[in-house]
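Trainee: Input coords.txt, format and content: compact mmCIF, N, CA and C atoms.
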```txt
# COMPACT_ATOMS: atom_id res chain seq x y z
N MET A 19 39.70 -6.49 -9.12
CA MET A 19 39.67 -7.59 -10.06
C MET A 19 40.14 -7.09 -11.43
N VAL A 20 41.01 -7.83 -12.08
CA VAL A 20 41.52 -7.50 -13.40
C VAL A 20 40.72 -8.27 -14.44
N LEU A 21 40.15 -7.55 -15.39
CA LEU A 21 39.39 -8.18 -16.45
C LEU A 21 40.30 -8.45 -17.64
N PRO A 22 40.09 -9.53 -18.36
CA PRO A 22 40.92 -9.79 -19.55
C PRO A 22 40.63 -8.76 -20.63
N LEU A 23 41.67 -8.41 -21.37
CA LEU A 23 41.52 -7.44 -22.45
C LEU A 23 41.02 -8.14 -23.71
N SER A 24 40.22 -7.43 -24.47
CA SER A 24 39.79 -7.93 -25.78
C SER A 24 40.55 -7.14 -26.85
N VAL A 25 40.43 -7.57 -28.09
CA VAL A 25 41.06 -6.87 -29.20
C VAL A 25 40.59 -5.42 -29.23
N GLN A 26 39.31 -5.19 -28.96
CA GLN A 26 38.76 -3.83 -28.99
C GLN A 26 39.40 -2.94 -27.93
N ASP A 27 39.90 -3.52 -26.85
CA ASP A 27 40.51 -2.74 -25.78
C ASP A 27 41.91 -2.25 -26.13
N VAL A 28 42.57 -2.91 -27.05
CA VAL A 28 43.97 -2.60 -27.30
C VAL A 28 44.26 -2.11 -28.72
N VAL A 29 43.26 -2.08 -29.59
CA VAL A 29 43.48 -1.64 -30.97
C VAL A 29 43.05 -0.19 -31.08
N GLY A 30 43.96 0.67 -31.53
CA GLY A 30 43.61 2.07 -31.80
C GLY A 30 43.22 2.21 -33.26
N TRP A 31 42.32 3.12 -33.53
CA TRP A 31 41.86 3.32 -34.90
C TRP A 31 42.87 4.14 -35.68
N LEU A 32 43.00 3.82 -36.95
CA LEU A 32 43.96 4.48 -37.83
C LEU A 32 43.52 5.91 -38.10
N ASP A 33 44.41 6.85 -37.84
CA ASP A 33 44.16 8.28 -38.04
C ASP A 33 44.66 8.66 -39.42
N LEU A 34 43.74 8.78 -40.39
CA LEU A 34 44.14 9.07 -41.76
C LEU A 34 44.57 10.51 -41.95
N VAL A 35 44.11 11.41 -41.10
CA VAL A 35 44.55 12.81 -41.20
C VAL A 35 46.04 12.88 -40.88
N ALA A 36 46.45 12.25 -39.80
CA ALA A 36 47.87 12.23 -39.42
C ALA A 36 48.69 11.45 -40.43
N LEU A 37 48.14 10.33 -40.93
CA LEU A 37 48.87 9.52 -41.91
C LEU A 37 49.08 10.29 -43.21
N LYS A 38 48.07 11.00 -43.66
CA LYS A 38 48.19 11.79 -44.89
C LYS A 38 49.27 12.87 -44.73
N TYR A 39 49.28 13.52 -43.59
CA TYR A 39 50.30 14.52 -43.30
C TYR A 39 51.69 13.89 -43.31
N SER A 40 51.82 12.75 -42.65
CA SER A 40 53.11 12.06 -42.59
C SER A 40 53.59 11.65 -43.98
N CYS A 41 52.68 11.14 -44.79
CA CYS A 41 53.04 10.75 -46.16
C CYS A 41 53.54 11.95 -46.96
N ARG A 42 52.85 13.09 -46.79
CA ARG A 42 53.20 14.29 -47.54
C ARG A 42 54.57 14.82 -47.14
N ILE A 43 54.83 14.93 -45.83
CA ILE A 43 56.10 15.54 -45.43
C ILE A 43 57.28 14.59 -45.59
N ASN A 44 57.02 13.29 -45.65
CA ASN A 44 58.10 12.31 -45.80
C ASN A 44 58.24 11.79 -47.22
N GLY A 45 57.36 12.21 -48.12
CA GLY A 45 57.45 11.79 -49.51
C GLY A 45 57.18 10.31 -49.72
N LEU A 46 56.32 9.72 -48.91
CA LEU A 46 56.04 8.29 -49.04
C LEU A 46 55.31 7.98 -50.35
N THR A 47 55.69 6.88 -50.95
CA THR A 47 55.06 6.47 -52.21
C THR A 47 54.29 5.16 -52.08
N GLY A 48 54.29 4.58 -50.89
CA GLY A 48 53.55 3.34 -50.66
C GLY A 48 53.35 3.11 -49.18
N LEU A 49 52.26 2.39 -48.86
CA LEU A 49 51.93 2.09 -47.47
C LEU A 49 51.98 0.59 -47.22
N ALA A 50 52.27 0.22 -46.00
CA ALA A 50 52.16 -1.15 -45.53
C ALA A 50 51.07 -1.16 -44.46
N ILE A 51 50.03 -1.93 -44.68
CA ILE A 51 48.95 -2.07 -43.71
C ILE A 51 49.12 -3.42 -43.03
N ASN A 52 49.48 -3.37 -41.77
CA ASN A 52 49.68 -4.61 -41.00
C ASN A 52 48.46 -4.92 -40.15
N HIS A 53 48.35 -6.17 -39.75
CA HIS A 53 47.32 -6.63 -38.82
C HIS A 53 45.90 -6.51 -39.36
N LEU A 54 45.74 -6.60 -40.67
CA LEU A 54 44.39 -6.60 -41.23
C LEU A 54 43.60 -7.79 -40.68
N ASP A 55 44.30 -8.88 -40.43
CA ASP A 55 43.65 -10.06 -39.85
C ASP A 55 43.17 -9.80 -38.42
N THR A 56 43.90 -8.99 -37.67
CA THR A 56 43.53 -8.69 -36.29
C THR A 56 42.31 -7.79 -36.23
N ILE A 57 42.34 -6.67 -36.94
CA ILE A 57 41.18 -5.78 -36.89
C ILE A 57 39.98 -6.40 -37.58
N GLY A 58 40.23 -7.31 -38.51
CA GLY A 58 39.13 -7.99 -39.20
C GLY A 58 38.31 -8.90 -38.30
N LYS A 59 38.81 -9.18 -37.11
CA LYS A 59 38.05 -9.99 -36.15
C LYS A 59 36.96 -9.18 -35.45
N LEU A 60 37.06 -7.87 -35.53
CA LEU A 60 36.07 -7.02 -34.88
C LEU A 60 34.80 -6.92 -35.72
N ASP A 61 33.68 -6.67 -35.06
CA ASP A 61 32.42 -6.49 -35.79
C ASP A 61 32.45 -5.22 -36.63
N LYS A 62 33.00 -4.17 -36.05
CA LYS A 62 33.07 -2.86 -36.72
C LYS A 62 34.50 -2.35 -36.63
N ILE A 63 34.93 -1.68 -37.70
CA ILE A 63 36.26 -1.09 -37.77
C ILE A 63 36.07 0.39 -38.08
N LYS A 64 36.88 1.22 -37.45
CA LYS A 64 36.75 2.66 -37.68
C LYS A 64 38.03 3.23 -38.28
N LEU A 65 37.86 4.28 -39.05
CA LEU A 65 38.96 5.10 -39.56
C LEU A 65 38.68 6.54 -39.19
N CYS A 66 39.68 7.22 -38.67
CA CYS A 66 39.55 8.66 -38.43
C CYS A 66 39.80 9.35 -39.76
N VAL A 67 38.76 10.01 -40.29
CA VAL A 67 38.86 10.63 -41.62
C VAL A 67 38.95 12.14 -41.56
N ALA A 68 38.68 12.73 -40.40
CA ALA A 68 38.74 14.18 -40.23
C ALA A 68 38.72 14.48 -38.74
N TYR A 69 38.86 15.75 -38.42
CA TYR A 69 38.77 16.20 -37.04
C TYR A 69 37.64 17.21 -36.91
N ASN A 70 37.05 17.25 -35.73
CA ASN A 70 36.16 18.34 -35.37
C ASN A 70 37.01 19.27 -34.53
N HIS A 71 37.32 20.42 -35.11
CA HIS A 71 38.16 21.40 -34.41
C HIS A 71 37.29 22.60 -34.07
N ASN A 72 36.94 22.70 -32.80
CA ASN A 72 36.10 23.80 -32.32
C ASN A 72 34.83 23.96 -33.15
N GLY A 73 34.18 22.84 -33.46
CA GLY A 73 32.91 22.86 -34.17
C GLY A 73 32.99 22.86 -35.67
N LYS A 74 34.20 22.86 -36.23
CA LYS A 74 34.38 22.85 -37.68
C LYS A 74 35.09 21.57 -38.10
N VAL A 75 34.63 20.98 -39.21
CA VAL A 75 35.27 19.78 -39.75
C VAL A 75 36.56 20.19 -40.44
N SER A 76 37.64 19.51 -40.10
CA SER A 76 38.95 19.83 -40.66
C SER A 76 39.70 18.56 -41.03
N MET A 77 40.40 18.62 -42.15
CA MET A 77 41.31 17.53 -42.52
C MET A 77 42.75 18.01 -42.40
N ASP A 78 42.95 19.05 -41.63
CA ASP A 78 44.28 19.62 -41.42
C ASP A 78 44.90 19.02 -40.18
N TYR A 79 46.15 18.57 -40.33
CA TYR A 79 46.92 18.09 -39.20
C TYR A 79 47.91 19.18 -38.81
N SER A 80 48.24 19.26 -37.56
CA SER A 80 49.22 20.23 -37.09
C SER A 80 50.07 19.59 -36.02
N THR A 81 51.31 20.04 -35.94
CA THR A 81 52.17 19.60 -34.85
C THR A 81 52.00 20.49 -33.63
N ASN A 82 51.13 21.48 -33.73
CA ASN A 82 50.84 22.36 -32.61
C ASN A 82 49.98 21.62 -31.59
N PRO A 83 50.50 21.38 -30.38
CA PRO A 83 49.75 20.60 -29.40
C PRO A 83 48.45 21.26 -28.95
N ILE A 84 48.38 22.57 -29.00
CA ILE A 84 47.14 23.25 -28.62
C ILE A 84 46.05 22.98 -29.66
N TYR A 85 46.42 23.04 -30.94
CA TYR A 85 45.47 22.73 -32.01
C TYR A 85 44.96 21.29 -31.87
N ILE A 86 45.89 20.35 -31.76
CA ILE A 86 45.53 18.93 -31.70
C ILE A 86 44.69 18.64 -30.46
N SER A 87 45.00 19.28 -29.33
CA SER A 87 44.23 19.01 -28.11
C SER A 87 42.79 19.49 -28.23
N ASN A 88 42.51 20.37 -29.17
CA ASN A 88 41.15 20.86 -29.40
C ASN A 88 40.45 20.11 -30.53
N CYS A 89 41.05 19.06 -31.02
CA CYS A 89 40.46 18.26 -32.10
C CYS A 89 39.83 16.99 -31.54
N LYS A 90 38.68 16.66 -32.07
CA LYS A 90 38.02 15.40 -31.77
C LYS A 90 37.95 14.61 -33.08
N PRO A 91 38.27 13.33 -33.05
CA PRO A 91 38.26 12.55 -34.29
C PRO A 91 36.84 12.36 -34.83
N ILE A 92 36.75 12.38 -36.15
CA ILE A 92 35.52 12.03 -36.85
C ILE A 92 35.79 10.70 -37.53
N TYR A 93 34.98 9.71 -37.20
CA TYR A 93 35.21 8.35 -37.68
C TYR A 93 34.21 7.95 -38.75
N GLU A 94 34.69 7.14 -39.68
CA GLU A 94 33.82 6.38 -40.57
C GLU A 94 33.92 4.94 -40.09
N GLU A 95 32.80 4.24 -40.13
CA GLU A 95 32.74 2.88 -39.62
C GLU A 95 32.57 1.89 -40.77
N PHE A 96 33.27 0.76 -40.66
CA PHE A 96 33.26 -0.27 -41.69
C PHE A 96 32.92 -1.61 -41.06
N GLU A 97 32.36 -2.48 -41.86
CA GLU A 97 32.04 -3.82 -41.41
C GLU A 97 33.33 -4.63 -41.27
N GLY A 98 33.41 -5.39 -40.22
CA GLY A 98 34.56 -6.27 -39.98
C GLY A 98 34.17 -7.71 -40.23
N ASN A 99 34.55 -8.55 -39.29
CA ASN A 99 34.26 -9.99 -39.37
C ASN A 99 34.79 -10.64 -40.64
N PHE A 100 36.05 -10.32 -40.98
CA PHE A 100 36.67 -10.96 -42.13
C PHE A 100 36.95 -12.42 -41.77
N GLU A 101 36.95 -13.24 -42.78
CA GLU A 101 37.36 -14.62 -42.56
C GLU A 101 38.87 -14.67 -42.36
N ASP A 102 39.41 -15.84 -42.08
CA ASP A 102 40.86 -16.00 -41.94
C ASP A 102 41.52 -15.53 -43.23
N LEU A 103 42.42 -14.56 -43.12
CA LEU A 103 43.02 -13.94 -44.29
C LEU A 103 44.37 -14.54 -44.68
N SER A 104 44.92 -15.41 -43.85
CA SER A 104 46.30 -15.87 -44.06
C SER A 104 46.50 -16.63 -45.37
N SER A 105 45.45 -17.17 -45.94
CA SER A 105 45.60 -17.93 -47.18
C SER A 105 45.45 -17.07 -48.43
N PHE A 106 45.11 -15.80 -48.28
CA PHE A 106 44.90 -14.95 -49.45
C PHE A 106 46.23 -14.48 -50.02
N THR A 107 46.33 -14.49 -51.33
CA THR A 107 47.58 -14.11 -51.99
C THR A 107 47.43 -12.89 -52.88
N SER A 108 46.23 -12.36 -53.00
CA SER A 108 46.04 -11.14 -53.80
C SER A 108 45.00 -10.25 -53.14
N ARG A 109 45.14 -8.98 -53.35
CA ARG A 109 44.19 -8.01 -52.80
C ARG A 109 42.80 -8.23 -53.37
N GLU A 110 42.73 -8.56 -54.63
CA GLU A 110 41.44 -8.75 -55.29
C GLU A 110 40.66 -9.92 -54.69
N ALA A 111 41.34 -10.88 -54.11
CA ALA A 111 40.69 -12.06 -53.54
C ALA A 111 40.21 -11.83 -52.11
N LEU A 112 40.63 -10.74 -51.47
CA LEU A 112 40.22 -10.47 -50.09
C LEU A 112 38.71 -10.30 -50.01
N PRO A 113 38.14 -10.54 -48.84
CA PRO A 113 36.70 -10.30 -48.66
C PRO A 113 36.35 -8.85 -49.00
N GLU A 114 35.14 -8.66 -49.47
CA GLU A 114 34.70 -7.33 -49.92
C GLU A 114 34.87 -6.28 -48.83
N ASN A 115 34.52 -6.60 -47.59
CA ASN A 115 34.65 -5.62 -46.50
C ASN A 115 36.09 -5.17 -46.31
N ALA A 116 37.03 -6.08 -46.47
CA ALA A 116 38.44 -5.73 -46.35
C ALA A 116 38.87 -4.82 -47.49
N ARG A 117 38.42 -5.12 -48.70
CA ARG A 117 38.77 -4.28 -49.86
C ARG A 117 38.18 -2.88 -49.72
N ILE A 118 36.96 -2.78 -49.23
CA ILE A 118 36.34 -1.46 -49.03
C ILE A 118 37.16 -0.63 -48.05
N TYR A 119 37.57 -1.25 -46.96
CA TYR A 119 38.39 -0.59 -45.94
C TYR A 119 39.71 -0.09 -46.54
N LEU A 120 40.41 -0.97 -47.25
CA LEU A 120 41.70 -0.61 -47.85
C LEU A 120 41.54 0.49 -48.89
N ASN A 121 40.49 0.40 -49.70
CA ASN A 121 40.24 1.43 -50.72
C ASN A 121 40.03 2.80 -50.09
N ARG A 122 39.34 2.83 -48.95
CA ARG A 122 39.09 4.11 -48.29
C ARG A 122 40.37 4.70 -47.73
N VAL A 123 41.24 3.86 -47.21
CA VAL A 123 42.54 4.35 -46.73
C VAL A 123 43.28 5.03 -47.88
N GLU A 124 43.36 4.37 -49.01
CA GLU A 124 44.06 4.95 -50.17
C GLU A 124 43.39 6.22 -50.66
N GLU A 125 42.07 6.23 -50.68
CA GLU A 125 41.33 7.39 -51.17
C GLU A 125 41.62 8.63 -50.33
N ILE A 126 41.59 8.49 -49.02
CA ILE A 126 41.82 9.64 -48.14
C ILE A 126 43.29 10.06 -48.14
N VAL A 127 44.19 9.10 -48.04
CA VAL A 127 45.62 9.41 -47.90
C VAL A 127 46.25 9.81 -49.24
N GLY A 128 45.77 9.21 -50.32
CA GLY A 128 46.31 9.53 -51.64
C GLY A 128 47.61 8.80 -51.95
N VAL A 129 47.88 7.73 -51.24
CA VAL A 129 49.09 6.94 -51.44
C VAL A 129 48.66 5.47 -51.54
N PRO A 130 49.18 4.72 -52.53
CA PRO A 130 48.76 3.33 -52.68
C PRO A 130 49.30 2.41 -51.59
N ILE A 131 48.51 1.40 -51.29
CA ILE A 131 48.93 0.37 -50.36
C ILE A 131 49.76 -0.65 -51.14
N LYS A 132 50.96 -0.92 -50.69
CA LYS A 132 51.88 -1.84 -51.38
C LYS A 132 52.01 -3.19 -50.67
N PHE A 133 51.77 -3.21 -49.37
CA PHE A 133 51.89 -4.44 -48.58
C PHE A 133 50.71 -4.55 -47.64
N ILE A 134 50.15 -5.76 -47.52
CA ILE A 134 49.02 -6.01 -46.64
C ILE A 134 49.33 -7.22 -45.78
N GLY A 135 49.42 -7.01 -44.48
CA GLY A 135 49.66 -8.11 -43.55
C GLY A 135 48.37 -8.86 -43.28
N THR A 136 48.37 -10.16 -43.53
CA THR A 136 47.16 -10.96 -43.44
C THR A 136 47.21 -12.06 -42.38
N GLY A 137 48.28 -12.11 -41.61
CA GLY A 137 48.39 -13.16 -40.60
C GLY A 137 49.63 -12.98 -39.76
N PRO A 138 49.87 -13.90 -38.82
CA PRO A 138 50.97 -13.74 -37.86
C PRO A 138 52.36 -14.09 -38.42
N ASP A 139 52.41 -14.85 -39.51
CA ASP A 139 53.70 -15.27 -40.04
C ASP A 139 54.25 -14.30 -41.06
N ARG A 140 55.56 -14.29 -41.24
CA ARG A 140 56.20 -13.41 -42.21
C ARG A 140 55.65 -13.61 -43.61
N GLU A 141 55.30 -14.83 -43.91
CA GLU A 141 54.80 -15.16 -45.24
C GLU A 141 53.36 -14.70 -45.46
N ASP A 142 52.68 -14.31 -44.39
CA ASP A 142 51.29 -13.87 -44.47
C ASP A 142 51.24 -12.41 -44.90
N MET A 143 51.63 -12.18 -46.15
CA MET A 143 51.75 -10.82 -46.65
C MET A 143 51.34 -10.81 -48.12
N ILE A 144 50.49 -9.87 -48.46
CA ILE A 144 50.16 -9.65 -49.87
C ILE A 144 51.01 -8.48 -50.34
N ILE A 145 51.73 -8.69 -51.44
CA ILE A 145 52.52 -7.64 -52.05
C ILE A 145 51.75 -7.18 -53.28
N CYS A 146 51.35 -5.91 -53.25
CA CYS A 146 50.51 -5.36 -54.32
C CYS A 146 51.35 -4.77 -55.44
```
Translate the structure of the given file into structure tokens.
Mentor:
Amino acid sequence: MVLPLSVQDVVGWLDLVALKYSCRINGLTGLAINHLDTIGKLDKIKLCVAYNHNGKVSMDYSTNPIYISNCKPIYEEFEGNFEDLSSFTSREALPENARIYLNRVEEIVGVPIKFIGTGPDREDMIIC
């Protein structure tokens, strides 16, 4: 029997360690966070903020597959259940839980968020 998938079954958590590394080596100056409306439907949202590498907390990313295979993600959990976000036109107007989540992404990665996807349509975008 095939069970229907839920959002929790198909959404992977954002890995901020890998994102920070990618921003650094690519010289990124801004981020686009898409599908905030989708993850906001979940009760809890997680961000990978570090790795447990052989019993030690690390914020180091490596392209070495042996290193990465020995890492376990360390997650911070955030409240979800955002209201419909498609009508929001500014970051400041977003629900507090959404702002807390976005602020933590910027804090860990060190790169500002410039675009926030708030719905399924092209126009459902906050430009910061």
Trainee: Which is closer to Leu60 (chain A) than all the others in A:Gly128, A:Pro113, A:Gly98, A:Pro138, using only N, CA and C atoms?
Mentor: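 Comparing A:Gly128, A:Pro113, A:Gly98, A:Pro138 against Leu60 (chain A), the winner is A:Gly98.
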Trainee: What does the structure give for the distance between atom C of Ile126 (chain A) and CA of Asp139 (chain A), in Å to one decimal?
Mentor: 28.6 Å
Trainee: Could you state the separation of CA of Glu124 (chain A) and CA of Val75 (chain A) in Å, given to one decimal place?
Mentor: 20.1 Å
Trainee: When you look at Glu101 (chain A) with a cut-off of 12 Å (counting only C-alpha atoms), what residues show up, excluding the ones that are within fewer than 5 positions of it in the same chain? I need them as a PyMOL selection string.
Mentor: chain A and resi 54-61+106+111-116+136-137
Trainee: Just checking: using all atoms listed in the file, which residue out of A:Lys90, A:Lys132, A:His53, A:Arg117 ends up closest to Asn70 (chain A)?
Mentor: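 Closest to Asn70 (chain A) of all the choices is A:Lys90.
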Trainee: Which value, in Å to one decimal, gives the distance between atom C of Ile131 (chain A) and CA of Ile92 (chain A)?
Mentor: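 Computing it gives 23.8 Å between the two atoms.
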Trainee: Emit as lines of an AutoDock Vina configuration file the padded axis-aligned box for all listed atoms of region 31-37 of chain A, 8 Å per side, with centre and edge lengths in Å to one decimal.
Mentor:
```
center_x = 45.5
center_y = 8.0
center_z = -38.4
size_x = 23.2
size_y = 25.8
size_z = 25.7
```
Trainee: Return as JSON, numbers by chain the full set of residues in chain A whose backbone-based DSSP assignment is strand (DSSP E or B).
Mentor: {"A": [32, 33, 49, 50, 51, 62, 63, 64, 65, 66, 67, 68, 69, 70, 71, 74, 75, 76, 89, 90, 91, 92, 93, 94, 95, 96, 97, 131, 132, 133, 134, 135, 143, 144, 145]}
Trainee: Those same residues, written as a compact mmCIF listing (two decimals), in the coordinates of the input with N, CA and C atoms?
Mentor:
```
# COMPACT_ATOMS: atom_id res chain seq x y z
N LEU A 32 43.00 3.82 -36.95
CA LEU A 32 43.96 4.48 -37.83
C LEU A 32 43.52 5.91 -38.10
N ASP A 33 44.41 6.85 -37.84
CA ASP A 33 44.16 8.28 -38.04
C ASP A 33 44.66 8.66 -39.42
N LEU A 49 52.26 2.39 -48.86
CA LEU A 49 51.93 2.09 -47.47
C LEU A 49 51.98 0.59 -47.22
N ALA A 50 52.27 0.22 -46.00
CA ALA A 50 52.16 -1.15 -45.53
C ALA A 50 51.07 -1.16 -44.46
N ILE A 51 50.03 -1.93 -44.68
CA ILE A 51 48.95 -2.07 -43.71
C ILE A 51 49.12 -3.42 -43.03
N LYS A 62 33.00 -4.17 -36.05
CA LYS A 62 33.07 -2.86 -36.72
C LYS A 62 34.50 -2.35 -36.63
N ILE A 63 34.93 -1.68 -37.70
CA ILE A 63 36.26 -1.09 -37.77
C ILE A 63 36.07 0.39 -38.08
N LYS A 64 36.88 1.22 -37.45
CA LYS A 64 36.75 2.66 -37.68
C LYS A 64 38.03 3.23 -38.28
N LEU A 65 37.86 4.28 -39.05
CA LEU A 65 38.96 5.10 -39.56
C LEU A 65 38.68 6.54 -39.19
N CYS A 66 39.68 7.22 -38.67
CA CYS A 66 39.55 8.66 -38.43
C CYS A 66 39.80 9.35 -39.76
N VAL A 67 38.76 10.01 -40.29
CA VAL A 67 38.86 10.63 -41.62
C VAL A 67 38.95 12.14 -41.56
N ALA A 68 38.68 12.73 -40.40
CA ALA A 68 38.74 14.18 -40.23
C ALA A 68 38.72 14.48 -38.74
N TYR A 69 38.86 15.75 -38.42
CA TYR A 69 38.77 16.20 -37.04
C TYR A 69 37.64 17.21 -36.91
N ASN A 70 37.05 17.25 -35.73
CA ASN A 70 36.16 18.34 -35.37
C ASN A 70 37.01 19.27 -34.53
N HIS A 71 37.32 20.42 -35.11
CA HIS A 71 38.16 21.40 -34.41
C HIS A 71 37.29 22.60 -34.07
N LYS A 74 34.20 22.86 -36.23
CA LYS A 74 34.38 22.85 -37.68
C LYS A 74 35.09 21.57 -38.10
N VAL A 75 34.63 20.98 -39.21
CA VAL A 75 35.27 19.78 -39.75
C VAL A 75 36.56 20.19 -40.44
N SER A 76 37.64 19.51 -40.10
CA SER A 76 38.95 19.83 -40.66
C SER A 76 39.70 18.56 -41.03
N CYS A 89 41.05 19.06 -31.02
CA CYS A 89 40.46 18.26 -32.10
C CYS A 89 39.83 16.99 -31.54
N LYS A 90 38.68 16.66 -32.07
CA LYS A 90 38.02 15.40 -31.77
C LYS A 90 37.95 14.61 -33.08
N PRO A 91 38.27 13.33 -33.05
CA PRO A 91 38.26 12.55 -34.29
C PRO A 91 36.84 12.36 -34.83
N ILE A 92 36.75 12.38 -36.15
CA ILE A 92 35.52 12.03 -36.85
C ILE A 92 35.79 10.70 -37.53
N TYR A 93 34.98 9.71 -37.20
CA TYR A 93 35.21 8.35 -37.68
C TYR A 93 34.21 7.95 -38.75
N GLU A 94 34.69 7.14 -39.68
CA GLU A 94 33.82 6.38 -40.57
C GLU A 94 33.92 4.94 -40.09
N GLU A 95 32.80 4.24 -40.13
CA GLU A 95 32.74 2.88 -39.62
C GLU A 95 32.57 1.89 -40.77
N PHE A 96 33.27 0.76 -40.66
CA PHE A 96 33.26 -0.27 -41.69
C PHE A 96 32.92 -1.61 -41.06
N GLU A 97 32.36 -2.48 -41.86
CA GLU A 97 32.04 -3.82 -41.41
C GLU A 97 33.33 -4.63 -41.27
N ILE A 131 48.51 1.40 -51.29
CA ILE A 131 48.93 0.37 -50.36
C ILE A 131 49.76 -0.65 -51.14
N LYS A 132 50.96 -0.92 -50.69
CA LYS A 132 51.88 -1.84 -51.38
C LYS A 132 52.01 -3.19 -50.67
N PHE A 133 51.77 -3.21 -49.37
CA PHE A 133 51.89 -4.44 -48.58
C PHE A 133 50.71 -4.55 -47.64
N ILE A 134 50.15 -5.76 -47.52
CA ILE A 134 49.02 -6.01 -46.64
C ILE A 134 49.33 -7.22 -45.78
N GLY A 135 49.42 -7.01 -44.48
CA GLY A 135 49.66 -8.11 -43.55
C GLY A 135 48.37 -8.86 -43.28
N MET A 143 51.63 -12.18 -46.15
CA MET A 143 51.75 -10.82 -46.65
C MET A 143 51.34 -10.81 -48.12
N ILE A 144 50.49 -9.87 -48.46
CA ILE A 144 50.16 -9.65 -49.87
C ILE A 144 51.01 -8.48 -50.34
N ILE A 145 51.73 -8.69 -51.44
CA ILE A 145 52.52 -7.64 -52.05
C ILE A 145 51.75 -7.18 -53.28
```
Trainee: Would you kindly return, as an mmCIF file with N, CA and C atoms, keeping the file's coordinate frame, each protein, DNA or RNA residue with an atom no farther than 10 Å from any atom of Cys89 (chain A), considering only C-alpha atoms and excluding same-chain residues fewer than 2 positions away?
Mentor:
```cif
data_model
loop_
_atom_site.group_PDB
_atom_site.id
_atom_site.type_symbol
_atom_site.label_atom_id
_atom_site.label_comp_id
_atom_site.auth_asym_id
_atom_site.auth_seq_id
_atom_site.Cartn_x
_atom_site.Cartn_y
_atom_site.Cartn_z
ATOM 1 N N ALA A 68 38.680 12.730 -40.400
ATOM 2 C CA ALA A 68 38.740 14.180 -40.230
ATOM 3 C C ALA A 68 38.720 14.480 -38.740
ATOM 4 N N TYR A 69 38.860 15.750 -38.420
ATOM 5 C CA TYR A 69 38.770 16.200 -37.040
ATOM 6 C C TYR A 69 37.640 17.210 -36.910
ATOM 7 N N ASN A 70 37.050 17.250 -35.730
ATOM 8 C CA ASN A 70 36.160 18.340 -35.370
ATOM 9 C C ASN A 70 37.010 19.270 -34.530
ATOM 10 N N HIS A 71 37.320 20.420 -35.110
ATOM 11 C CA HIS A 71 38.160 21.400 -34.410
ATOM 12 C C HIS A 71 37.290 22.600 -34.070
ATOM 13 N N ASN A 72 36.940 22.700 -32.800
ATOM 14 C CA ASN A 72 36.100 23.800 -32.320
ATOM 15 C C ASN A 72 34.830 23.960 -33.150
ATOM 16 N N GLY A 73 34.180 22.840 -33.460
ATOM 17 C CA GLY A 73 32.910 22.860 -34.170
ATOM 18 C C GLY A 73 32.990 22.860 -35.670
ATOM 19 N N LYS A 74 34.200 22.860 -36.230
ATOM 20 C CA LYS A 74 34.380 22.850 -37.680
ATOM 21 C C LYS A 74 35.090 21.570 -38.100
ATOM 22 N N VAL A 75 34.630 20.980 -39.210
ATOM 23 C CA VAL A 75 35.270 19.780 -39.750
ATOM 24 C C VAL A 75 36.560 20.190 -40.440
ATOM 25 N N SER A 76 37.640 19.510 -40.100
ATOM 26 C CA SER A 76 38.950 19.830 -40.660
ATOM 27 C C SER A 76 39.700 18.560 -41.030
ATOM 28 N N TYR A 79 46.150 18.570 -40.330
ATOM 29 C CA TYR A 79 46.920 18.090 -39.200
ATOM 30 C C TYR A 79 47.910 19.180 -38.810
ATOM 31 N N PRO A 83 50.500 21.380 -30.380
ATOM 32 C CA PRO A 83 49.750 20.600 -29.400
ATOM 33 C C PRO A 83 48.450 21.260 -28.950
ATOM 34 N N ILE A 84 48.380 22.570 -29.000
ATOM 35 C CA ILE A 84 47.140 23.250 -28.620
ATOM 36 C C ILE A 84 46.050 22.980 -29.660
ATOM 37 N N TYR A 85 46.420 23.040 -30.940
ATOM 38 C CA TYR A 85 45.470 22.730 -32.010
ATOM 39 C C TYR A 85 44.960 21.290 -31.870
ATOM 40 N N ILE A 86 45.890 20.350 -31.760
ATOM 41 C CA ILE A 86 45.530 18.930 -31.700
ATOM 42 C C ILE A 86 44.690 18.640 -30.460
ATOM 43 N N SER A 87 45.000 19.280 -29.330
ATOM 44 C CA SER A 87 44.230 19.010 -28.110
ATOM 45 C C SER A 87 42.790 19.490 -28.230
ATOM 46 N N PRO A 91 38.270 13.330 -33.050
ATOM 47 C CA PRO A 91 38.260 12.550 -34.290
ATOM 48 C C PRO A 91 36.840 12.360 -34.830
ATOM 49 N N ILE A 92 36.750 12.380 -36.150
ATOM 50 C CA ILE A 92 35.520 12.030 -36.850
ATOM 51 C C ILE A 92 35.790 10.700 -37.530
#
```
Trainee: Write down as an MDAnalysis selection string the residues of chain A whose backbone DSSP state falls under alpha helix (DSSP H).
Mentor: chainID A and resid 25:28 34:44 54:57 83:87 114:127
Trainee: Hey, what's within 9 Å of Ser108 (chain A) if we count only C-alpha atoms and toss same-chain stuff fewer than 4 positions away? As a list of chain:residue names, please?
Mentor: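 Selected residues are A:Leu112, A:Ile144, A:Ile145, A:Cys146.
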Trainee: Find the residues around Asn52 (chain A) up to 7 Å (only C-alpha atoms counted), leave out those fewer than 2 positions away in its own chain, and share them as a ChimeraX atom specification.
Mentor: /A:50,54,134-135
Trainee: Of the residues A:Val127, A:Val67, A:Ile51, A:Asn121, which is the one nearest to Tyr39 (chain A), using all atoms listed in the file?
Mentor: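 Between A:Val127, A:Val67, A:Ile51, A:Asn121, the residue approaching Tyr39 (chain A) most closely is A:Val127.
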